[in-house]
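Peer 1: The structure file run_35.txt (compact mmCIF, C-alpha atoms) is provided below.
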```txt
# COMPACT_ATOMS: atom_id res chain seq x y z
CA MET C 123 -23.18 28.19 -20.82
CA SER C 124 -24.20 24.56 -20.83
CA THR C 125 -25.68 23.12 -24.00
CA TYR C 126 -28.27 21.18 -22.01
CA SER C 127 -31.23 22.45 -20.02
CA PRO C 128 -30.66 22.51 -16.22
CA ARG C 129 -32.56 19.28 -15.45
CA LEU C 130 -30.89 17.41 -18.29
CA THR C 131 -27.47 18.61 -17.15
CA ARG C 132 -28.18 17.23 -13.68
CA LEU C 133 -29.37 13.90 -15.08
CA ILE C 134 -26.25 13.55 -17.23
CA ASP C 135 -24.00 14.50 -14.32
CA GLY C 136 -25.81 11.92 -12.19
CA LEU C 137 -25.33 9.16 -14.76
CA ARG C 138 -21.65 10.03 -15.11
CA ARG C 139 -21.11 8.93 -11.54
CA LEU C 140 -21.45 5.33 -12.67
CA PRO C 141 -18.19 3.50 -13.39
CA GLY C 142 -17.27 3.39 -17.07
CA VAL C 143 -19.66 6.18 -18.07
CA GLY C 144 -18.24 9.29 -19.73
CA PRO C 145 -20.08 12.36 -21.05
CA LYS C 146 -21.02 10.70 -24.37
CA SER C 147 -22.49 7.53 -22.85
CA ALA C 148 -24.27 9.56 -20.18
CA GLN C 149 -25.95 11.66 -22.85
CA ARG C 150 -26.99 8.52 -24.72
CA MET C 151 -28.44 6.99 -21.57
CA ALA C 152 -30.30 10.17 -20.65
CA PHE C 153 -31.86 10.52 -24.12
CA HIS C 154 -32.80 6.85 -24.15
CA LEU C 155 -34.55 7.07 -20.79
CA LEU C 156 -36.39 10.27 -21.66
CA ASP C 157 -37.34 9.37 -25.18
CA ARG C 158 -37.89 5.62 -25.34
CA ASP C 159 -38.20 4.24 -21.85
CA ARG C 160 -39.87 6.66 -19.50
CA GLU C 161 -41.42 3.76 -17.61
CA GLY C 162 -38.01 2.17 -17.15
CA ALA C 163 -36.66 5.51 -15.96
CA ALA C 164 -39.36 5.74 -13.31
CA PHE C 165 -38.58 2.17 -12.25
CA LEU C 166 -34.87 2.97 -12.04
CA GLY C 167 -35.51 6.06 -9.95
CA LYS C 168 -37.77 4.18 -7.57
CA THR C 169 -35.53 1.12 -7.11
CA LEU C 170 -32.47 3.32 -6.60
CA GLY C 171 -34.25 5.17 -3.81
CA GLU C 172 -35.43 1.93 -2.23
CA ALA C 173 -31.98 0.37 -2.48
CA LEU C 174 -30.37 3.32 -0.73
CA GLU C 175 -33.01 3.17 1.96
CA GLY C 176 -33.09 -0.57 2.52
CA ILE C 177 -29.56 -1.85 1.90
CA GLY C 178 -27.01 -1.43 4.62
CA ARG C 179 -24.01 -3.27 5.98
CA CYS C 180 -24.21 -6.50 7.96
CA LYS C 181 -22.98 -5.91 11.50
CA THR C 182 -21.05 -9.18 11.62
CA CYS C 183 -19.57 -9.68 8.15
CA ARG C 184 -19.71 -6.09 6.75
CA MET C 185 -21.26 -7.34 3.49
CA PHE C 186 -24.18 -5.40 1.98
CA CYS C 187 -27.43 -6.74 3.39
CA GLU C 188 -31.14 -5.97 3.59
CA ASP C 189 -32.93 -5.79 6.93
CA ASP C 190 -31.10 -7.41 9.83
CA ALA C 191 -30.82 -10.98 8.61
CA CYS C 192 -27.72 -11.30 6.42
CA ARG C 193 -27.86 -14.17 3.95
CA PHE C 194 -24.17 -14.90 4.47
CA CYS C 195 -24.48 -15.11 8.27
CA THR C 196 -27.23 -17.74 8.60
CA PRO C 197 -27.08 -20.21 11.53
CA ALA C 198 -26.11 -23.00 9.10
CA ARG C 199 -23.08 -21.01 7.93
CA VAL C 200 -22.15 -20.01 11.47
CA SER C 201 -22.17 -23.67 12.54
CA ALA C 202 -19.61 -24.46 9.81
CA GLY C 203 -17.12 -22.67 12.08
CA SER C 204 -14.95 -21.16 9.36
CA ILE C 205 -14.69 -17.56 8.30
CA CYS C 206 -13.28 -16.40 4.97
CA VAL C 207 -11.73 -12.92 4.84
CA VAL C 208 -11.97 -11.09 1.51
CA GLU C 209 -11.07 -7.56 0.42
CA GLY C 210 -14.35 -6.55 -1.21
CA PRO C 211 -17.97 -7.56 -1.92
CA ALA C 212 -17.06 -8.61 -5.48
CA ASP C 213 -14.49 -11.08 -4.09
CA LEU C 214 -17.17 -12.59 -1.85
CA MET C 215 -19.54 -13.00 -4.80
CA ALA C 216 -16.78 -14.63 -6.87
CA ILE C 217 -16.06 -17.23 -4.18
CA GLU C 218 -19.74 -17.82 -3.56
CA ALA C 219 -20.51 -18.27 -7.26
CA SER C 220 -17.74 -20.68 -8.19
CA THR C 221 -16.67 -22.61 -5.10
CA ALA C 222 -18.35 -25.04 -2.74
CA TYR C 223 -17.49 -22.90 0.30
CA ARG C 224 -20.56 -22.38 2.48
CA GLY C 225 -19.15 -20.86 5.66
CA ARG C 226 -19.15 -17.30 6.88
CA TYR C 227 -17.31 -14.33 5.40
CA PHE C 228 -15.71 -11.14 6.59
CA VAL C 229 -15.45 -8.28 4.09
CA LEU C 230 -12.60 -5.86 4.82
CA MET C 231 -13.70 -3.26 2.24
CA GLY C 232 -10.06 -2.58 1.39
CA ARG C 233 -6.54 -3.62 2.39
CA LEU C 234 -3.89 -2.19 4.69
CA SER C 235 -2.23 0.74 2.95
CA PRO C 236 -0.74 3.45 5.16
CA LEU C 237 0.11 5.65 2.16
CA ASP C 238 -3.60 5.81 1.31
CA GLY C 239 -4.63 6.17 4.94
CA ILE C 240 -6.28 2.73 5.19
CA GLY C 241 -5.55 1.15 8.56
CA PRO C 242 -7.04 -1.39 10.99
CA GLN C 243 -10.04 0.82 11.86
CA GLU C 244 -11.09 1.24 8.23
CA LEU C 245 -10.94 -2.54 7.73
CA GLY C 246 -12.95 -3.30 10.89
CA LEU C 247 -10.18 -5.49 12.32
CA ASP C 248 -11.43 -4.88 15.88
CA LEU C 249 -14.78 -6.43 14.89
CA LEU C 250 -12.97 -9.43 13.41
CA SER C 251 -10.81 -9.88 16.48
CA GLN C 252 -13.93 -9.91 18.69
CA GLN C 253 -15.35 -12.68 16.51
CA LEU C 254 -12.09 -14.64 16.70
CA ALA C 255 -12.10 -14.25 20.49
CA SER C 256 -15.68 -15.54 20.78
CA GLY C 257 -14.44 -19.11 20.38
CA GLU C 258 -17.01 -20.02 17.72
CA ILE C 259 -14.49 -19.92 14.90
CA THR C 260 -12.32 -22.93 14.15
CA GLU C 261 -10.64 -21.77 10.94
CA LEU C 262 -9.74 -18.41 9.43
CA ILE C 263 -9.39 -18.60 5.64
CA ILE C 264 -7.46 -15.65 4.25
CA ALA C 265 -8.46 -14.73 0.69
CA THR C 266 -6.86 -11.29 0.29
CA ASN C 267 -5.38 -10.48 -3.11
CA PRO C 268 -1.79 -11.54 -3.85
CA THR C 269 -0.51 -7.95 -3.94
CA VAL C 270 2.02 -6.37 -1.60
CA GLU C 271 -0.84 -4.75 0.37
CA GLY C 272 -2.84 -7.98 0.38
CA GLU C 273 0.19 -9.91 1.67
CA ALA C 274 0.78 -7.45 4.51
CA THR C 275 -2.92 -7.60 5.41
CA ALA C 276 -2.79 -11.41 5.38
CA TYR C 277 0.20 -11.35 7.72
CA TYR C 278 -1.70 -9.33 10.33
CA LEU C 279 -4.85 -11.40 9.99
CA ALA C 280 -2.76 -14.53 10.57
CA GLU C 281 -1.09 -13.01 13.64
CA MET C 282 -4.51 -12.06 15.04
CA ALA C 283 -5.84 -15.59 14.56
CA ARG C 284 -2.71 -17.17 16.07
CA GLY C 285 -3.15 -14.97 19.14
CA GLU C 286 -6.56 -16.59 19.63
CA ASN C 287 -5.37 -20.12 18.76
CA VAL C 288 -7.55 -20.25 15.66
CA LYS C 289 -6.29 -22.32 12.71
CA VAL C 290 -5.24 -20.06 9.80
CA THR C 291 -5.14 -21.02 6.13
CA ARG C 292 -4.45 -18.99 3.01
CA ILE C 293 -5.89 -19.66 -0.44
CA ALA C 294 -3.24 -21.04 -2.80
CA HIS C 295 -1.81 -18.93 -5.57
CA GLY C 296 -0.17 -20.25 -8.66
CA VAL C 297 -0.63 -21.09 -12.29
CA PRO C 298 -4.17 -20.47 -13.60
CA MET C 299 -6.25 -23.42 -14.86
CA GLY C 300 -5.57 -24.07 -18.53
CA GLY C 301 -2.57 -21.73 -18.32
CA GLU C 302 0.84 -22.27 -19.84
CA LEU C 303 3.94 -21.92 -17.72
CA GLU C 304 5.72 -20.13 -20.54
CA TYR C 305 3.36 -17.14 -20.31
CA VAL C 306 2.98 -16.95 -16.54
CA ASP C 307 4.76 -13.99 -14.95
CA GLY C 308 7.85 -14.68 -12.83
CA GLY C 309 6.32 -13.77 -9.47
CA THR C 310 3.38 -16.14 -9.91
CA LEU C 311 5.64 -18.92 -11.10
CA SER C 312 8.02 -18.61 -8.14
CA HIS C 313 5.01 -18.63 -5.77
CA ALA C 314 3.65 -21.69 -7.52
CA LEU C 315 6.96 -23.50 -7.19
CA SER C 316 7.54 -22.60 -3.54
CA GLY C 317 3.95 -23.58 -2.68
CA ARG C 318 4.11 -26.98 -4.41
CA GLN C 319 2.28 -29.88 -2.84
CA PRO C 320 3.08 -33.61 -2.55
CA LEU C 321 1.08 -35.80 -4.92
CA MET Z 570 5.71 21.31 -25.06
CA THR Z 571 8.23 18.67 -26.06
CA ARG Z 572 7.44 15.08 -25.44
CA ALA Z 573 10.22 13.08 -23.81
CA ARG Z 574 10.35 9.35 -24.31
CA VAL Z 575 12.20 7.27 -21.74
CA GLN Z 576 13.04 3.63 -22.42
CA LEU Z 577 13.72 0.83 -19.94
CA GLU Z 578 14.71 3.01 -17.02
CA PRO Z 579 15.48 1.15 -13.76
CA GLY Z 580 12.88 2.08 -11.17
CA TYR Z 581 10.58 1.04 -8.35
CA ILE Z 582 6.89 1.72 -7.74
CA LEU Z 583 6.39 3.82 -4.61
CA ASN Z 584 2.60 3.82 -4.61
CA ALA Z 585 -0.20 3.09 -7.08
CA ARG Z 586 -3.77 4.32 -6.76
CA PRO Z 587 -6.86 3.51 -8.85
CA TYR Z 588 -7.49 6.16 -11.50
CA ASN Z 589 -10.58 6.28 -13.70
CA ASP Z 590 -12.13 2.89 -14.35
CA THR Z 591 -9.24 0.72 -15.39
CA SER Z 592 -6.11 2.83 -14.92
CA LEU Z 593 -3.60 3.36 -12.15
CA LEU Z 594 -1.98 6.59 -11.01
CA VAL Z 595 1.56 5.56 -10.14
CA GLU Z 596 4.37 7.28 -8.27
CA ALA Z 597 7.75 5.73 -9.03
CA PHE Z 598 11.38 6.31 -8.09
CA THR Z 599 13.77 5.98 -11.02
CA ARG Z 600 17.53 6.19 -11.33
CA GLU Z 601 17.99 9.00 -13.81
CA HIS Z 602 14.70 10.87 -13.47
CA GLY Z 603 14.13 10.76 -9.72
CA ARG Z 604 10.57 10.59 -8.46
CA ILE Z 605 8.04 10.58 -11.30
CA GLY Z 606 4.28 10.35 -11.58
CA PHE Z 607 2.60 8.55 -14.48
CA VAL Z 608 -0.67 7.00 -15.54
CA ALA Z 609 -0.74 3.30 -16.39
CA ARG Z 610 -3.69 3.10 -18.76
CA GLY Z 611 -5.74 -0.05 -18.60
CA ALA Z 612 -3.53 -1.53 -15.87
CA ARG Z 613 -6.55 -2.52 -13.78
CA GLY Z 614 -8.49 -3.94 -16.71
CA PRO Z 615 -9.40 -7.62 -16.88
CA LYS Z 616 -6.87 -8.32 -19.62
CA SER Z 617 -4.05 -6.26 -18.14
CA LYS Z 618 -0.61 -7.82 -18.40
CA THR Z 619 1.14 -5.10 -16.44
CA ARG Z 620 -0.88 -5.31 -13.25
CA ALA Z 621 1.09 -8.18 -11.75
CA LEU Z 622 4.33 -6.30 -12.41
CA LEU Z 623 3.26 -2.88 -11.14
CA GLN Z 624 3.83 -3.76 -7.50
CA PRO Z 625 5.84 -1.72 -5.02
CA LEU Z 626 9.20 -2.94 -3.65
CA GLN Z 627 10.15 -4.86 -6.81
CA PRO Z 628 12.93 -3.96 -9.28
CA LEU Z 629 11.45 -2.91 -12.63
CA LEU Z 630 12.42 -1.45 -15.98
CA LEU Z 631 9.97 1.32 -16.84
CA SER Z 632 9.31 2.99 -20.19
CA TRP Z 633 7.14 6.07 -20.36
CA THR Z 634 6.47 9.29 -22.24
CA GLN Z 635 6.46 12.59 -20.44
CA SER Z 636 4.85 15.76 -21.74
CA GLY Z 637 3.92 17.54 -18.54
CA GLU Z 638 3.68 16.82 -14.85
CA LEU Z 639 2.22 13.34 -15.42
CA GLY Z 640 3.71 10.81 -17.81
CA GLY Z 641 2.10 7.83 -19.47
CA LEU Z 642 3.48 4.32 -18.98
CA THR Z 643 4.29 2.58 -22.26
CA ALA Z 644 5.95 -0.61 -21.03
CA VAL Z 645 7.12 -2.34 -17.88
CA GLU Z 646 9.41 -5.31 -17.37
CA ALA Z 647 10.76 -7.08 -14.30
CA ALA Z 648 14.42 -6.19 -13.69
CA GLY Z 649 15.22 -9.31 -11.71
CA PRO Z 650 13.65 -11.86 -9.41
CA SER Z 651 11.13 -10.40 -6.96
CA LEU Z 652 12.42 -9.47 -3.52
CA PRO Z 653 11.19 -11.66 -0.64
CA ILE Z 654 9.81 -8.81 1.50
CA SER Z 655 6.87 -10.04 3.52
CA GLY Z 656 5.04 -9.64 6.82
CA GLU Z 657 6.14 -6.71 8.92
CA ARG Z 658 9.03 -5.98 6.55
CA VAL Z 659 6.48 -4.67 4.05
CA PHE Z 660 5.86 -1.83 6.49
CA TYR Z 661 9.58 -1.01 6.46
CA GLY Z 662 9.40 -0.83 2.68
CA TRP Z 663 6.32 1.39 2.82
CA TYR Z 664 8.14 3.63 5.30
CA VAL Z 665 11.07 4.12 2.91
CA ASN Z 666 8.60 4.81 0.09
CA GLU Z 667 6.72 7.32 2.20
CA LEU Z 668 9.98 9.16 2.99
CA ILE Z 669 10.70 9.50 -0.74
CA LEU Z 670 7.14 10.57 -1.54
CA LYS Z 671 7.12 13.23 1.16
CA LEU Z 672 10.69 14.51 0.93
CA LEU Z 673 11.73 14.38 -2.74
CA GLN Z 674 10.34 16.60 -5.49
CA ARG Z 675 9.12 15.11 -8.74
CA GLN Z 676 11.63 14.96 -11.60
CA ASP Z 677 14.58 15.73 -9.38
CA PRO Z 678 17.19 13.01 -10.08
CA HIS Z 679 19.09 11.41 -7.19
CA PRO Z 680 21.08 8.55 -8.81
CA SER Z 681 23.20 7.79 -5.74
CA LEU Z 682 20.14 7.71 -3.46
CA PHE Z 683 18.52 5.36 -5.96
CA GLU Z 684 21.41 2.91 -5.49
CA THR Z 685 21.02 3.21 -1.71
CA TYR Z 686 17.28 2.60 -2.07
CA ALA Z 687 17.84 -0.54 -4.16
CA LEU Z 688 20.39 -1.82 -1.63
CA THR Z 689 18.09 -1.01 1.30
CA LEU Z 690 15.26 -3.06 -0.20
CA THR Z 691 17.49 -6.11 -0.59
CA GLN Z 692 18.59 -5.69 3.05
CA LEU Z 693 14.99 -5.41 4.30
CA ALA Z 694 14.61 -9.10 3.60
CA ASP Z 695 17.59 -9.85 5.92
CA SER Z 696 17.92 -9.58 9.66
CA ASP Z 697 19.78 -6.30 9.22
CA ALA Z 698 16.64 -4.33 8.34
CA GLU Z 699 16.89 -1.82 11.21
CA ARG Z 700 20.44 -0.90 10.33
CA ALA Z 701 19.56 -0.59 6.63
CA LEU Z 702 16.71 1.81 7.48
CA ARG Z 703 18.97 4.06 9.58
CA ILE Z 704 21.61 4.23 6.86
CA PHE Z 705 18.95 5.04 4.28
CA GLU Z 706 17.60 7.86 6.47
CA LYS Z 707 21.11 9.27 6.96
CA ARG Z 708 21.92 9.22 3.25
CA LEU Z 709 18.50 10.65 2.36
CA LEU Z 710 19.22 13.66 4.61
CA ASP Z 711 22.69 14.03 3.03
CA GLU Z 712 21.09 13.98 -0.41
CA LEU Z 713 18.56 16.63 0.55
CA GLY Z 714 21.42 18.89 1.66
CA TYR Z 715 20.48 18.65 5.33
CA GLY Z 716 22.85 15.87 6.34
CA LEU Z 717 23.79 15.41 9.97
CA GLN Z 718 27.00 17.14 11.06
CA LEU Z 719 29.17 14.37 12.45
CA PRO Z 720 32.78 15.65 12.56
CA ASP Z 721 35.84 13.35 12.80
CA ASP Z 722 36.95 14.61 16.23
CA LEU Z 723 34.06 13.10 18.25
CA GLU Z 724 35.24 11.36 21.46
CA PRO Z 725 33.73 7.89 21.93
CA GLU Z 726 33.32 8.22 25.73
CA LEU Z 727 31.82 11.72 25.76
CA HIS Z 728 28.12 12.50 25.70
CA TYR Z 729 26.79 15.02 23.22
CA GLN Z 730 23.78 17.18 22.76
CA TYR Z 731 22.82 17.57 19.09
CA ASP Z 732 22.22 21.16 18.04
CA TRP Z 733 20.63 21.59 14.58
CA ALA Z 734 22.84 24.59 13.76
CA GLU Z 735 26.10 23.67 15.52
CA GLY Z 736 26.09 19.87 15.40
CA PRO Z 737 27.14 17.75 18.42
CA ILE Z 738 28.11 19.73 21.56
CA PRO Z 739 29.76 17.92 24.51
CA THR Z 740 27.57 17.88 27.61
CA VAL Z 741 26.70 15.78 30.67
CA GLN Z 742 24.68 12.59 30.13
CA GLY Z 743 20.91 13.11 30.00
CA PRO Z 744 17.77 11.61 28.45
CA SER Z 745 18.24 13.46 25.15
CA THR Z 746 22.02 13.13 24.80
CA PHE Z 747 23.95 10.84 22.46
CA LEU Z 748 27.07 8.81 23.28
CA GLY Z 749 30.06 9.77 21.12
CA ALA Z 750 30.73 6.15 20.17
CA HIS Z 751 27.19 5.82 18.79
CA LEU Z 752 27.53 9.03 16.77
CA ILE Z 753 30.80 7.75 15.33
CA ALA Z 754 29.08 4.45 14.46
CA LEU Z 755 26.42 6.44 12.62
CA ALA Z 756 29.03 8.57 10.81
CA GLN Z 757 30.84 5.41 9.68
CA GLU Z 758 27.55 3.61 8.97
CA THR Z 759 28.53 0.61 11.09
CA LEU Z 760 25.74 0.62 13.76
CA ASP Z 761 26.50 -2.90 14.97
CA SER Z 762 24.94 -2.73 18.44
CA SER Z 763 21.24 -2.33 19.09
CA GLU Z 764 22.08 0.56 21.42
CA ALA Z 765 23.90 2.41 18.65
CA GLN Z 766 20.88 1.77 16.42
CA SER Z 767 18.44 3.17 18.95
CA HIS Z 768 20.57 6.31 19.44
CA ALA Z 769 20.81 6.75 15.67
CA ARG Z 770 17.08 6.20 15.38
CA ARG Z 771 16.29 8.90 17.93
CA LEU Z 772 18.56 11.44 16.22
CA LEU Z 773 17.43 10.63 12.67
CA LYS Z 774 13.75 10.66 13.63
CA ALA Z 775 14.09 14.21 14.92
CA ALA Z 776 16.13 15.28 11.88
CA ILE Z 777 13.54 13.86 9.48
CA GLN Z 778 10.72 15.46 11.42
CA ASN Z 779 12.45 18.81 10.86
CA GLN Z 780 12.44 18.20 7.11
CA LEU Z 781 8.81 17.14 6.92
CA GLY Z 782 7.64 20.63 7.86
CA GLY Z 783 4.52 19.59 9.76
CA LYS Z 784 3.62 16.57 7.60
CA THR Z 785 3.30 13.30 9.50
CA LEU Z 786 4.51 9.86 8.41
CA GLU Z 787 1.56 7.47 8.40
CA THR Z 788 3.45 4.17 8.16
CA PRO Z 789 5.19 4.19 11.59
CA VAL Z 790 1.95 5.27 13.28
CA MET Z 791 0.02 2.39 11.71
CA LEU Z 792 2.76 -0.14 12.46
CA ARG Z 793 2.74 0.86 16.15
CA GLN Z 794 -1.05 0.61 16.17
CA LEU Z 795 -1.02 -2.91 14.72
CA ARG Z 796 1.80 -4.07 16.98
CA SER Z 797 0.04 -2.84 20.11
CA SER Z 798 -3.30 -4.36 19.09
CA LEU Z 799 -1.58 -7.74 18.66
CA ARG Z 800 0.28 -7.42 21.96
CA VAL Z 801 -2.85 -6.62 23.98
CA LYS Z 802 -4.22 -10.11 23.38
```
In C-alpha cells, what does this structure look like?

Peer 2:
Amino acid sequence: MSTYSPRLTRLIDGLRRLPGVGPKSAQRMAFHLLDRDREGAAFLGKTLGEALEGIGRCKTCRMFCEDDACRFCTPARVSAGSICVVEGPADLMAIEASTAYRGRYFVLMGRLSPLDGIGPQELGLDLLSQQLASGEITELIIATNPTVEGEATAYYLAEMARGENVKVTRIAHGVPMGGELEYVDGGTLSHALSGRQPL
Amino acid sequence: MTRARVQLEPGYILNARPYNDTSLLVEAFTREHGRIGFVARGARGPKSKTRALLQPLQPLLLSWTQSGELGGLTAVEAAGPSLPISGERVFYGWYVNELILKLLQRQDPHPSLFETYALTLTQLADSDAERALRIFEKRLLDELGYGLQLPDDLEPELHYQYDWAEGPIPTVQGPSTFLGAHLIALAQETLDSSEAQSHARRLLKAAIQNQLGGKTLETPVMLRQLRSSLRVK
C-alpha cells in the first residue's frame, strides 16, 4: 500500500516525469506547492495546460512555436537566405543566444541512428529537401553535433544540398576558447589540426 | 553475487543510448568478455570527460565492474588514434555493430571475432570496404557455429545451388545459383572481383537472414532509403 493518499501519489508521480526529479525531490516539490504556495501551484497548473494547448511545431523549421507565426521564420530571416540545421531546440537556443546568426533554422529533433530506429522520416528530411528545392536558400549551415551519428547526418545533409546546388558549410570544431591543448582529447585535437586555417 | 572488476579491456562501443538524466546505457564488444552492457554514469553531464571517448567505431580500453546483467563503467581510455570512418562508411560500421548486437549473446567471449572486427573497422576506411564486410559476415557465421559449407572440391566453372543442409550442389545456371569460382573466392577470402563480391553478398545475406530468426536489420534498409532519396533528385 502506498504511503501517500491517492491524489498525492498522482501529483508526485506527475512531478517525477520532469528530468532530474526523483521520488525525494518530487515529494519535496509536492509538499511545497500544497503547503506554502497554493497560488503558485494553481498558476503552474494553468500555464501547463495553456502551453500544451497553444504550443506546437512550426511547419517550416520544426521548432516549438505559438500560433502560426514562428519567430525564427520571419520574412527578415527568410530573406537572409541561409538555413542552419541543428539537432534539437536547445541547440537552436544556444546559437541564437551567443552568436550573431540571424537566418533561418531547421530543427531535426534527433540524428540519424538506425540502431535506435531514427531515420530520414523522423528527422523531417523530406521537408528540408523541399525547402532546398524551392530555390530561396543560398547556404545550408550544418550544426549537428560532432558525434559519429552527427557526422553521418551531416554527410547526408551535405549530399542533399549539393544535389540542389546549394552552398554547404559546416560549423568548425576544435579547441575550446580558453582551453589548453594539453587537456584536449585526441579526437578534438586531430580535428582542430586537420581543419586549420591560413592566417 | 560476486562482483567482477575488469581493467583496461580492449573494446569498442556498439551503441549508446541516453539513460536517466545524465547517464548512458552502452553496449560494447570486448576481446575477452564478448558483448557486454554497462551504464556510464554521468557520461552525458556537462562536466563529463568520458563523453567524447564513448563513441562507436573507435578503439578503446574499457574498465568496468560487473555484478549482474549490467555493469558499471569505471574508466575509459582511447586505445589508439581515432579511425577515419566518415560519410556512408559510418553506415557500414553501424551494420557490423547491428550484426553483433542481434546475433551475439551478452558475456559470450569471441576473441578471434574481436580481432576480425577490429581489422574490419580499419578496412572500412579504405576502398576495400565491401570485401571487408563480406569476410566479416563469413567469419561471424563460422563463429556462431553456422558457417557456410564450402568444401575444397568445388569446380570453378560449375554452377551451384546452395542448400542449407547439404551445402553447394552442382546444377544448371539460374538466377539463384552461384559460380564455383566465386564460392572458392569466398572460401579463400580473396573476393577480388566485384562479381565475386556480389555472389558472396547474395549468399551471406540469405545465411544471415536465417540466423536472425525473423528480426530485421535496420541499417541496410535505412541506407537504401537514403541512397534512393538522393538519387531521385

Peer 1: For the contact check between chain C and chain Z, emit one row per residue of chain C within 8 Å, containing the shortest atom pair and the distance in Å rounded to one decimal, counting all atoms listed in the file, chain then rising number order, as JSON lines.

Peer 2:
```
{"residue": "C:Pro141", "atom": "CA", "partner": "Z:Asp590", "partner_atom": "CA", "distance": 6.2}
{"residue": "C:Gly142", "atom": "CA", "partner": "Z:Asp590", "partner_atom": "CA", "distance": 5.8}
{"residue": "C:Pro236", "atom": "CA", "partner": "Z:Thr788", "partner_atom": "CA", "distance": 5.2}
{"residue": "C:Leu237", "atom": "CA", "partner": "Z:Glu787", "partner_atom": "CA", "distance": 6.7}
{"residue": "C:Gly239", "atom": "CA", "partner": "Z:Glu787", "partner_atom": "CA", "distance": 7.2}
{"residue": "C:Gly241", "atom": "CA", "partner": "Z:Met791", "partner_atom": "CA", "distance": 6.5}
{"residue": "C:Pro242", "atom": "CA", "partner": "Z:Leu795", "partner_atom": "CA", "distance": 7.2}
{"residue": "C:Thr269", "atom": "CA", "partner": "Z:Gln624", "partner_atom": "CA", "distance": 7.0}
{"residue": "C:Val270", "atom": "CA", "partner": "Z:Gln624", "partner_atom": "CA", "distance": 6.7}
{"residue": "C:Glu273", "atom": "CA", "partner": "Z:Ser655", "partner_atom": "CA", "distance": 6.9}
{"residue": "C:Ala274", "atom": "CA", "partner": "Z:Gly656", "partner_atom": "CA", "distance": 5.3}
{"residue": "C:Tyr277", "atom": "CA", "partner": "Z:Gly656", "partner_atom": "CA", "distance": 5.2}
{"residue": "C:Tyr278", "atom": "CA", "partner": "Z:Gly656", "partner_atom": "CA", "distance": 7.6}
{"residue": "C:Glu281", "atom": "CA", "partner": "Z:Leu799", "partner_atom": "CA", "distance": 7.3}
{"residue": "C:Met282", "atom": "CA", "partner": "Z:Leu799", "partner_atom": "CA", "distance": 6.4}
{"residue": "C:Gly285", "atom": "CA", "partner": "Z:Lys802", "partner_atom": "CA", "distance": 6.5}
{"residue": "C:Glu286", "atom": "CA", "partner": "Z:Lys802", "partner_atom": "CA", "distance": 7.8}
{"residue": "C:Asp307", "atom": "CA", "partner": "Z:Ala621", "partner_atom": "CA", "distance": 7.6}
{"residue": "C:Gly308", "atom": "CA", "partner": "Z:Pro650", "partner_atom": "CA", "distance": 7.3}
{"residue": "C:Gly309", "atom": "CA", "partner": "Z:Ser651", "partner_atom": "CA", "distance": 6.4}
```

Peer 1: Any idea what the distance is between atom CA of Lys707 of chain Z and atom CA of Leu234 of chain C?

Peer 2: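 Computing it gives 27.6 Å between the two atoms.
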
Peer 1: So, counting only C-alpha atoms, which residue among C:Ala212, C:Val297, C:Gln253, C:Arg129 is closest to Leu311 of chain C?

Peer 2: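 Counting only C-alpha atoms, the residue closest to Leu311 of chain C is C:Val297.
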
Peer 1: Need the shell around segment 182-199 of chain C: protein/DNA/RNA residues with any atom at most 12 Å away, counting all atoms listed in the file. Skip same-chain ones fewer than 3 positions apart. Format as a ChimeraX atom specification?

Peer 2: /C:172-179,202-215,218,223-232,244-254,258-259

Peer 1: Given the point (3.6, -24.8, -2.9) in the file's coordinates, find the residues that have an atom at most 12 Å from it, counting only C-alpha atoms, and give them as a compact mmCIF listing (two decimals) with C-alpha atoms, keeping the file's coordinate frame.

Peer 2:
```
# COMPACT_ATOMS: atom_id res chain seq x y z
CA ARG C 292 -4.45 -18.99 3.01
CA ILE C 293 -5.89 -19.66 -0.44
CA ALA C 294 -3.24 -21.04 -2.80
CA HIS C 295 -1.81 -18.93 -5.57
CA GLY C 296 -0.17 -20.25 -8.66
CA VAL C 297 -0.63 -21.09 -12.29
CA THR C 310 3.38 -16.14 -9.91
CA LEU C 311 5.64 -18.92 -11.10
CA SER C 312 8.02 -18.61 -8.14
CA HIS C 313 5.01 -18.63 -5.77
CA ALA C 314 3.65 -21.69 -7.52
CA LEU C 315 6.96 -23.50 -7.19
CA SER C 316 7.54 -22.60 -3.54
CA GLY C 317 3.95 -23.58 -2.68
CA ARG C 318 4.11 -26.98 -4.41
CA GLN C 319 2.28 -29.88 -2.84
CA PRO C 320 3.08 -33.61 -2.55
CA LEU C 321 1.08 -35.80 -4.92
```

Peer 1: Calculated over only C-alpha atoms, which of the candidates C:Glu271, C:Val143, C:Thr169, C:Leu133 has the smallest distance to Leu156 of chain C?

Peer 2: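 Looking at the shortest contact to Leu156 of chain C, the residue is C:Leu133.
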
Peer 1: Have a look at atom CA of Val665 of chain Z and atom CA of Ser235 of chain C and let me know their distance in Å, one decimal.

Peer 2: 13.7 Å
